[in-house]
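Working notes, beginning with the structure itself.
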Amino acid sequence: MRYVKQFAIIILISFVGELLKEFLPFLVPASIYGLILMLIALTTGLIKLEQVKDASTFLLDAMPVMFLPATVGLMEDWDVLKSIMIPAAIACIFGTIIVMVMSGRVTQWIIRMLNKRRGKNE
Amino acid sequence: MNNIAVILSDSLFFGMTVSLLCYGVGLFIKDRTKLAIANPILIGFLLVVCILKLFHISYDSYMNGAKYLSYLLTPATVCLAVPLYEKLKLLRDNIIAIFLGIVAAIATNVLVVWLLCIAFTLDETIFATFIPKSITTAIGMVVSQETGGIETITVALICITGIVGNIVAEIVCKLCKIDEPIAKGIAIGSSSHVLGTAKAVEMGDTEGAMSGLAVAVSGILTVIVAPMMLEWLY
């Protein structure tokens with residue numbers, strides 16, 4: 001029963017996310033509305049952490065395999081992809097690495113700079 | 001052979017079984033070899049494609065069963081709020097660094113795609129198709145559509161980007177000396193969306209939480225930025 005209740009809460013929030021997506025004019029998918037709703041529910045205490053913790057640990061653990069069906073869809077798009085293969089490969093491989101490095105270095109640099117300043121003030 | 005194809009095509013559980021088994025083989029190979037390229041999603045993808053081709057099973061009949069696995073992605077993404085909630089203090093304390101890190105990711109992505117389009121003399125259709133490659137599929141599809149890109153290619157690029165991010169995340173962070181867990185999470189989430197986040201979750205609680213946050217924020221920011229960039233650059 002514990003898992004059923006936890007799962008029910010998570011599915012309910014996903015459903016409300018879906019409704020918000022239908023009725024609000026923004027280009028935000030149901031899952032992101034749901035994520036925000038879940039965060040609000042947890043911070044306001046509407047939902048207690050232990051009411052969703054176990055089921056969410058399971059879902060997060062199983063998350064990678066949920067992508068498999070969508071990636072297999074690449075099989076279908078292969079003919080279109082072939083025509084822009086080189087720029088697409090550069091964008092997806094080098095582009096992703098460059099974006100990752102820039103974002104990580106900028107974040108880290110600011111964290112350390114602010115920490116240093118905080119340290120001086122104290 | 002034909003009979004097998006018919007039976008498998010009609011089966012309700014074939015798609016999910018083959019997905020889970022192939023992913024399981026991927027996990028096994030990764031555990032044995034410990035190589036980054038031996039990525040369970042990549043191996044699972046290759047195995048599933050081989051099996052479908054070998055038995056002449058169409059993507060649609062595979063999806064007949066596999067779609068239920070995809071449906072779980074929405075509740076799983078919702079669950080990313082849980083680790084984020086557990087790290088809320090960390091988020092508050094580092095909000096400026098986190099926000100600017102995500103902005104840096106979006107700016108770099110626009111720049112890279114723009115330069116690529118110039119180098120290969122590609123038009124704005126391809127620019128619009130490439131721009132949402134680093135954000136989550138559900139948002140990326142719509143961004144591509146709204147800005148005049150080719151939706152199906154965008155979805156394919158998003159998948160490839162995610163797999164690449166999932167594979168390279170650990171090595172890139174190590175080589176480029178990104179060792180703050182917050183910075184790792186932001187870097188992974190804002191470059192390779194939910195698929196990268198799956199790796200970030202494995203790397204640690206903070207990494208997972210921050211990566212999930214980056215996916216949501218960079219997705220929403222891209223919705224705003226992409227049309228502006230198109231107008232400005234083309």
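So you can find residues: chains in the structure tokens are A, B, ... in the order shown, residues in each start at 1, and ligands are numbered from 1 in order.
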Determine, counting only C-alpha atoms, which protein, DNA and RNA residues have an atom within 8 Å of an atom of range 21-27 of chain B; residues of the same chain fewer than 6 positions away are not included. Present the result as a PDB file with N, CA and C atoms, in the first residue's frame.
ATOM      1  N   VAL A  65      16.342   3.848 -18.640  1.00  0.00           N
ATOM      2  CA  VAL A  65      15.743   2.862 -19.539  1.00  0.00           C
ATOM      3  C   VAL A  65      14.462   3.403 -20.193  1.00  0.00           C
TER       4      VAL A  65
ATOM      5  N   ALA B  38      30.910   2.135 -23.193  1.00  0.00           N
ATOM      6  CA  ALA B  38      29.994   1.011 -22.961  1.00  0.00           C
ATOM      7  C   ALA B  38      28.809   1.519 -22.155  1.00  0.00           C
ATOM      8  N   ASN B  39      28.089   2.455 -22.755  1.00  0.00           N
ATOM      9  CA  ASN B  39      26.973   3.106 -22.079  1.00  0.00           C
ATOM     10  C   ASN B  39      25.704   2.263 -22.232  1.00  0.00           C
ATOM     11  N   PRO B  40      25.007   1.967 -21.135  1.00  0.00           N
ATOM     12  CA  PRO B  40      23.836   1.085 -21.230  1.00  0.00           C
ATOM     13  C   PRO B  40      22.771   1.564 -22.215  1.00  0.00           C
ATOM     14  N   ILE B  41      22.572   2.883 -22.305  1.00  0.00           N
ATOM     15  CA  ILE B  41      21.544   3.376 -23.230  1.00  0.00           C
ATOM     16  C   ILE B  41      21.999   3.168 -24.671  1.00  0.00           C
ATOM     17  N   LEU B  42      23.282   3.448 -24.928  1.00  0.00           N
ATOM     18  CA  LEU B  42      23.829   3.269 -26.277  1.00  0.00           C
ATOM     19  C   LEU B  42      23.782   1.792 -26.686  1.00  0.00           C
ATOM     20  N   ILE B  43      24.245   0.912 -25.788  1.00  0.00           N
ATOM     21  CA  ILE B  43      24.241  -0.519 -26.087  1.00  0.00           C
ATOM     22  C   ILE B  43      22.802  -1.011 -26.252  1.00  0.00           C
ATOM     23  N   GLY B  44      21.929  -0.586 -25.351  1.00  0.00           N
ATOM     24  CA  GLY B  44      20.522  -0.973 -25.421  1.00  0.00           C
ATOM     25  C   GLY B  44      19.907  -0.550 -26.743  1.00  0.00           C
ATOM     26  N   PHE B  45      20.194   0.692 -27.147  1.00  0.00           N
ATOM     27  CA  PHE B  45      19.680   1.229 -28.408  1.00  0.00           C
ATOM     28  C   PHE B  45      20.146   0.379 -29.595  1.00  0.00           C
ATOM     29  N   LEU B  47      21.300  -2.716 -29.628  1.00  0.00           N
ATOM     30  CA  LEU B  47      20.752  -4.075 -29.576  1.00  0.00           C
ATOM     31  C   LEU B  47      19.292  -4.107 -30.025  1.00  0.00           C
ATOM     32  N   VAL B  48      18.499  -3.153 -29.523  1.00  0.00           N
ATOM     33  CA  VAL B  48      17.079  -3.135 -29.896  1.00  0.00           C
ATOM     34  C   VAL B  48      16.946  -2.952 -31.415  1.00  0.00           C
TER      35      VAL B  48
END
Point to revise | Long-range neighbours of range 19-29 of chain A as an MDAnalysis selection string, 12 Å cut-off, only C-alpha atoms, 3 positions minimum in chain | key: (chainID A and resid 12:16 32:37) or (chainID B and resid 73:74 77:78 135:146 215:224)
Contacts of chain A with chain B up to 6 Å, shortest pair per row, only C-alpha atoms, as a tab-separated table:
residue	atom	partner	partner_atom	distance
A:Ser14	CA	B:Pro75	CA	5.7
A:Pro29	CA	B:Ala138	CA	5.7
A:Ser31	CA	B:Thr74	CA	4.8
A:Gly34	CA	B:Val78	CA	5.1
A:Leu35	CA	B:Val78	CA	4.1
A:Met38	CA	B:Ala81	CA	6.0
A:Leu39	CA	B:Ala81	CA	5.2
A:Ser56	CA	B:Cys79	CA	5.3
A:Leu59	CA	B:Ala76	CA	5.2
A:Leu60	CA	B:Ala76	CA	5.8
A:Pro64	CA	B:Ala198	CA	5.7
A:Met66	CA	B:Ser70	CA	5.2
A:Pro69	CA	B:Ala66	CA	5.9
A:Thr71	CA	B:Cys159	CA	5.8
A:Val72	CA	B:Phe45	CA	5.8
A:Leu74	CA	B:Ala156	CA	5.7
A:Cys92	CA	B:Thr161	CA	4.9
A:Thr96	CA	B:Ser191	CA	5.7
A:Val99	CA	B:Ala105	CA	5.2
A:Met100	CA	B:Ala187	CA	4.7
A:Ser103	CA	B:Gly101	CA	4.7
A:Gly104	CA	B:Ala187	CA	4.4
A:Val106	CA	B:Gly101	CA	5.4
A:Thr107	CA	B:Gly101	CA	4.5
A:Gln108	CA	B:Ala183	CA	5.2
A:Ile110	CA	B:Ala97	CA	5.2
A:Ile111	CA	B:Ala97	CA	5.7
- Message: Can you pull out every residue from range 2-188 of chain B that DSSP, working from the backbone, puts in helix (DSSP H, G or I), and format the result as a PyMOL selection string?
- Response: chain B and resi 2-10+14-33+40-54+59-71+73-79+81-86+88-93+95-119+124-134+137-146+151-175+181-188
For C-alpha atoms, I'd like the residues from the last selection saved as a short mmCIF file (atom, residue, chain, number, x, y, z; two decimals), in the first residue's frame.
data_model
loop_
_atom_site.label_atom_id
_atom_site.label_comp_id
_atom_site.auth_asym_id
_atom_site.auth_seq_id
_atom_site.Cartn_x
_atom_site.Cartn_y
_atom_site.Cartn_z
CA ASN B 2 7.62 -14.87 -40.77
CA ASN B 3 5.51 -16.40 -38.04
CA ILE B 4 7.85 -15.12 -35.37
CA ALA B 5 7.64 -11.64 -36.85
CA VAL B 6 3.83 -11.76 -36.78
CA ILE B 7 3.70 -13.01 -33.20
CA LEU B 8 6.24 -10.43 -32.00
CA SER B 9 4.49 -7.63 -33.89
CA ASP B 10 1.19 -8.40 -32.19
CA PHE B 14 7.53 -7.68 -26.51
CA GLY B 15 8.52 -4.02 -26.75
CA MET B 16 9.02 -3.58 -23.05
CA THR B 17 10.72 -6.96 -22.60
CA VAL B 18 13.22 -6.35 -25.35
CA SER B 19 13.91 -2.81 -24.01
CA LEU B 20 14.54 -4.00 -20.47
CA LEU B 21 16.63 -7.00 -21.57
CA CYS B 22 18.79 -4.98 -23.95
CA TYR B 23 19.30 -2.30 -21.31
CA GLY B 24 20.18 -5.08 -18.85
CA VAL B 25 22.82 -6.42 -21.25
CA GLY B 26 24.13 -2.85 -21.52
CA LEU B 27 24.39 -2.58 -17.72
CA PHE B 28 26.19 -5.93 -17.57
CA ILE B 29 28.74 -4.90 -20.23
CA LYS B 30 29.28 -1.56 -18.51
CA ASP B 31 29.89 -3.25 -15.15
CA ARG B 32 32.36 -5.65 -16.72
CA THR B 33 34.32 -3.20 -18.87
CA PRO B 40 23.84 1.08 -21.23
CA ILE B 41 21.54 3.38 -23.23
CA LEU B 42 23.83 3.27 -26.28
CA ILE B 43 24.24 -0.52 -26.09
CA GLY B 44 20.52 -0.97 -25.42
CA PHE B 45 19.68 1.23 -28.41
CA LEU B 46 22.01 -0.68 -30.76
CA LEU B 47 20.75 -4.07 -29.58
CA VAL B 48 17.08 -3.13 -29.90
CA VAL B 49 17.64 -1.77 -33.41
CA CYS B 50 19.52 -4.96 -34.41
CA ILE B 51 16.76 -7.18 -33.05
CA LEU B 52 14.02 -5.19 -34.79
CA LYS B 53 15.90 -5.28 -38.11
CA LEU B 54 16.73 -8.97 -37.76
CA TYR B 59 9.10 0.60 -34.98
CA ASP B 60 5.33 0.91 -34.55
CA SER B 61 4.88 -2.68 -33.40
CA TYR B 62 7.85 -2.28 -31.04
CA MET B 63 6.28 0.90 -29.64
CA ASN B 64 3.05 -1.00 -29.07
CA GLY B 65 4.59 -2.32 -25.86
CA ALA B 66 7.52 0.04 -25.37
CA LYS B 67 5.34 3.16 -25.20
CA TYR B 68 4.35 2.30 -21.62
CA LEU B 69 7.97 2.69 -20.67
CA SER B 70 8.03 6.14 -22.29
CA TYR B 71 4.89 7.16 -20.42
CA LEU B 73 9.13 9.67 -18.18
CA THR B 74 6.70 12.37 -17.09
CA PRO B 75 6.27 11.08 -13.50
CA ALA B 76 10.03 10.42 -13.34
CA THR B 77 10.77 14.01 -14.36
CA VAL B 78 8.29 15.19 -11.72
CA CYS B 79 10.32 13.17 -9.19
CA ALA B 81 11.83 17.74 -7.59
CA VAL B 82 12.55 15.39 -4.68
CA PRO B 83 16.40 15.54 -4.77
CA LEU B 84 16.08 19.25 -5.60
CA TYR B 85 13.96 19.78 -2.47
CA GLU B 86 16.56 17.95 -0.41
CA LEU B 88 17.11 23.52 -1.54
CA LYS B 89 19.53 25.29 0.80
CA LEU B 90 22.37 24.67 -1.63
CA LEU B 91 20.25 26.15 -4.41
CA ARG B 92 19.47 29.29 -2.39
CA ASP B 93 23.09 29.81 -1.40
CA ILE B 95 21.52 30.91 -6.97
CA ILE B 96 23.63 33.48 -8.87
CA ALA B 97 26.28 30.97 -9.93
CA ILE B 98 23.61 28.47 -10.97
CA PHE B 99 21.63 30.97 -13.02
CA LEU B 100 24.69 32.38 -14.79
CA GLY B 101 25.97 28.87 -15.46
CA ILE B 102 22.73 28.04 -17.27
CA VAL B 103 22.83 31.33 -19.19
CA ALA B 104 26.42 30.51 -20.23
CA ALA B 105 25.22 27.15 -21.55
CA ILE B 106 22.46 28.70 -23.65
CA ALA B 107 24.74 31.43 -25.02
CA THR B 108 27.44 28.88 -25.93
CA ASN B 109 24.89 26.66 -27.63
CA VAL B 110 23.55 29.53 -29.76
CA LEU B 111 27.10 30.55 -30.69
CA VAL B 112 28.18 27.00 -31.63
CA VAL B 113 25.08 26.39 -33.76
CA TRP B 114 25.37 29.79 -35.43
CA LEU B 115 29.05 29.22 -36.33
CA LEU B 116 28.21 25.75 -37.64
CA CYS B 117 25.46 27.17 -39.84
CA ILE B 118 27.90 29.73 -41.25
CA ALA B 119 30.64 27.12 -41.79
CA GLU B 124 17.66 29.47 -40.71
CA THR B 125 15.55 26.30 -40.93
CA ILE B 126 18.55 24.26 -39.82
CA PHE B 127 19.48 26.90 -37.23
CA ALA B 128 15.98 26.61 -35.73
CA THR B 129 16.23 22.81 -35.91
CA PHE B 130 19.59 22.71 -34.08
CA ILE B 131 19.00 25.32 -31.36
CA PRO B 132 16.77 23.22 -29.05
CA LYS B 133 19.10 20.17 -29.16
CA SER B 134 20.28 20.61 -25.56
CA THR B 137 12.36 16.69 -25.81
CA ALA B 138 8.91 17.90 -24.80
CA ILE B 139 10.00 21.57 -24.87
CA GLY B 140 12.51 21.17 -27.72
CA MET B 141 9.91 19.77 -30.12
CA VAL B 142 7.65 22.76 -29.62
CA VAL B 143 10.47 25.31 -29.84
CA SER B 144 11.61 23.80 -33.14
CA GLN B 145 8.07 23.83 -34.51
CA GLU B 146 7.33 27.40 -33.42
CA GLU B 151 10.55 18.82 -35.65
CA THR B 152 11.52 15.19 -36.30
CA ILE B 153 15.19 16.07 -36.85
CA THR B 154 15.19 18.16 -33.68
CA VAL B 155 13.88 15.18 -31.73
CA ALA B 156 16.59 12.97 -33.23
CA LEU B 157 19.27 15.54 -32.37
CA ILE B 158 17.94 15.84 -28.82
CA CYS B 159 18.23 12.07 -28.39
CA ILE B 160 21.77 11.95 -29.77
CA THR B 161 22.84 14.94 -27.66
CA GLY B 162 21.43 13.24 -24.58
CA ILE B 163 23.27 9.98 -25.25
CA VAL B 164 26.51 11.88 -25.93
CA GLY B 165 26.10 13.88 -22.70
CA ASN B 166 25.34 10.71 -20.76
CA ILE B 167 28.52 9.08 -22.11
CA VAL B 168 30.97 12.00 -21.80
CA ALA B 169 29.72 13.65 -18.57
CA GLU B 170 32.13 11.97 -16.19
CA ILE B 171 35.20 12.27 -18.42
CA VAL B 172 34.53 15.91 -19.36
CA CYS B 173 34.08 16.95 -15.72
CA LYS B 174 37.28 15.17 -14.78
CA LEU B 175 39.41 16.47 -17.66
CA PRO B 181 29.13 18.95 -7.46
CA ILE B 182 26.81 21.91 -8.16
CA ALA B 183 28.81 22.93 -11.23
CA LYS B 184 28.85 19.34 -12.50
CA GLY B 185 25.07 19.08 -12.20
CA ILE B 186 24.42 22.41 -13.92
CA ALA B 187 26.87 21.56 -16.72
CA ILE B 188 25.28 18.17 -17.38
#
key: Spatial neighbours of Phe7 in chain A, max dist 7 Å, only C-alpha atoms, sep filter under 4 positions, as a ChimeraX atom specification   = /A:3,11,55
Next, dump the selected residues to file, keeping only C-alpha atoms, as a short mmCIF file (atom, residue, chain, number, x, y, z; two decimals), in the first residue's frame.
data_model
loop_
_atom_site.label_atom_id
_atom_site.label_comp_id
_atom_site.auth_asym_id
_atom_site.auth_seq_id
_atom_site.Cartn_x
_atom_site.Cartn_y
_atom_site.Cartn_z
CA TYR A 3 4.06 2.28 -2.79
CA ILE A 11 0.77 10.40 -10.92
CA ALA A 55 8.52 5.69 -5.23
#
Within 12 Å of Arg2 in chain A, counting only C-alpha atoms, which residues show up once you throw out same-chain ones fewer than 5 positions away? Write them as a list in words, please. Phe7, Ala8, Ile9, Glu50, Gln51, Val52, Lys53, Asp54 and Ala55 of chain A
For the residues selected in the previous step, produce a file with N, CA and C atoms as a tab-separated table (two decimals), in the first residue's frame.
chain	number	residue	atom	x	y	z
A	7	PHE	N	2.94	6.36	-5.34
A	7	PHE	CA	2.82	6.41	-6.79
A	7	PHE	C	1.62	7.26	-7.19
A	8	ALA	N	0.53	7.09	-6.42
A	8	ALA	CA	-0.69	7.85	-6.70
A	8	ALA	C	-0.43	9.35	-6.61
A	9	ILE	N	0.33	9.77	-5.60
A	9	ILE	CA	0.62	11.21	-5.45
A	9	ILE	C	1.40	11.71	-6.66
A	50	GLU	N	8.62	11.93	3.06
A	50	GLU	CA	8.51	10.46	3.13
A	50	GLU	C	7.25	9.95	2.42
A	51	GLN	N	6.34	10.85	2.03
A	51	GLN	CA	5.15	10.41	1.29
A	51	GLN	C	5.43	10.11	-0.18
A	52	VAL	N	6.58	10.56	-0.67
A	52	VAL	CA	6.92	10.29	-2.07
A	52	VAL	C	8.32	9.72	-2.26
A	53	LYS	N	9.08	9.68	-1.20
A	53	LYS	CA	10.51	9.35	-1.30
A	53	LYS	C	10.80	7.99	-1.97
A	54	ASP	N	10.17	6.92	-1.50
A	54	ASP	CA	10.52	5.58	-2.02
A	54	ASP	C	10.16	5.43	-3.49
A	55	ALA	N	8.94	5.84	-3.83
A	55	ALA	CA	8.52	5.69	-5.23
A	55	ALA	C	9.36	6.56	-6.14
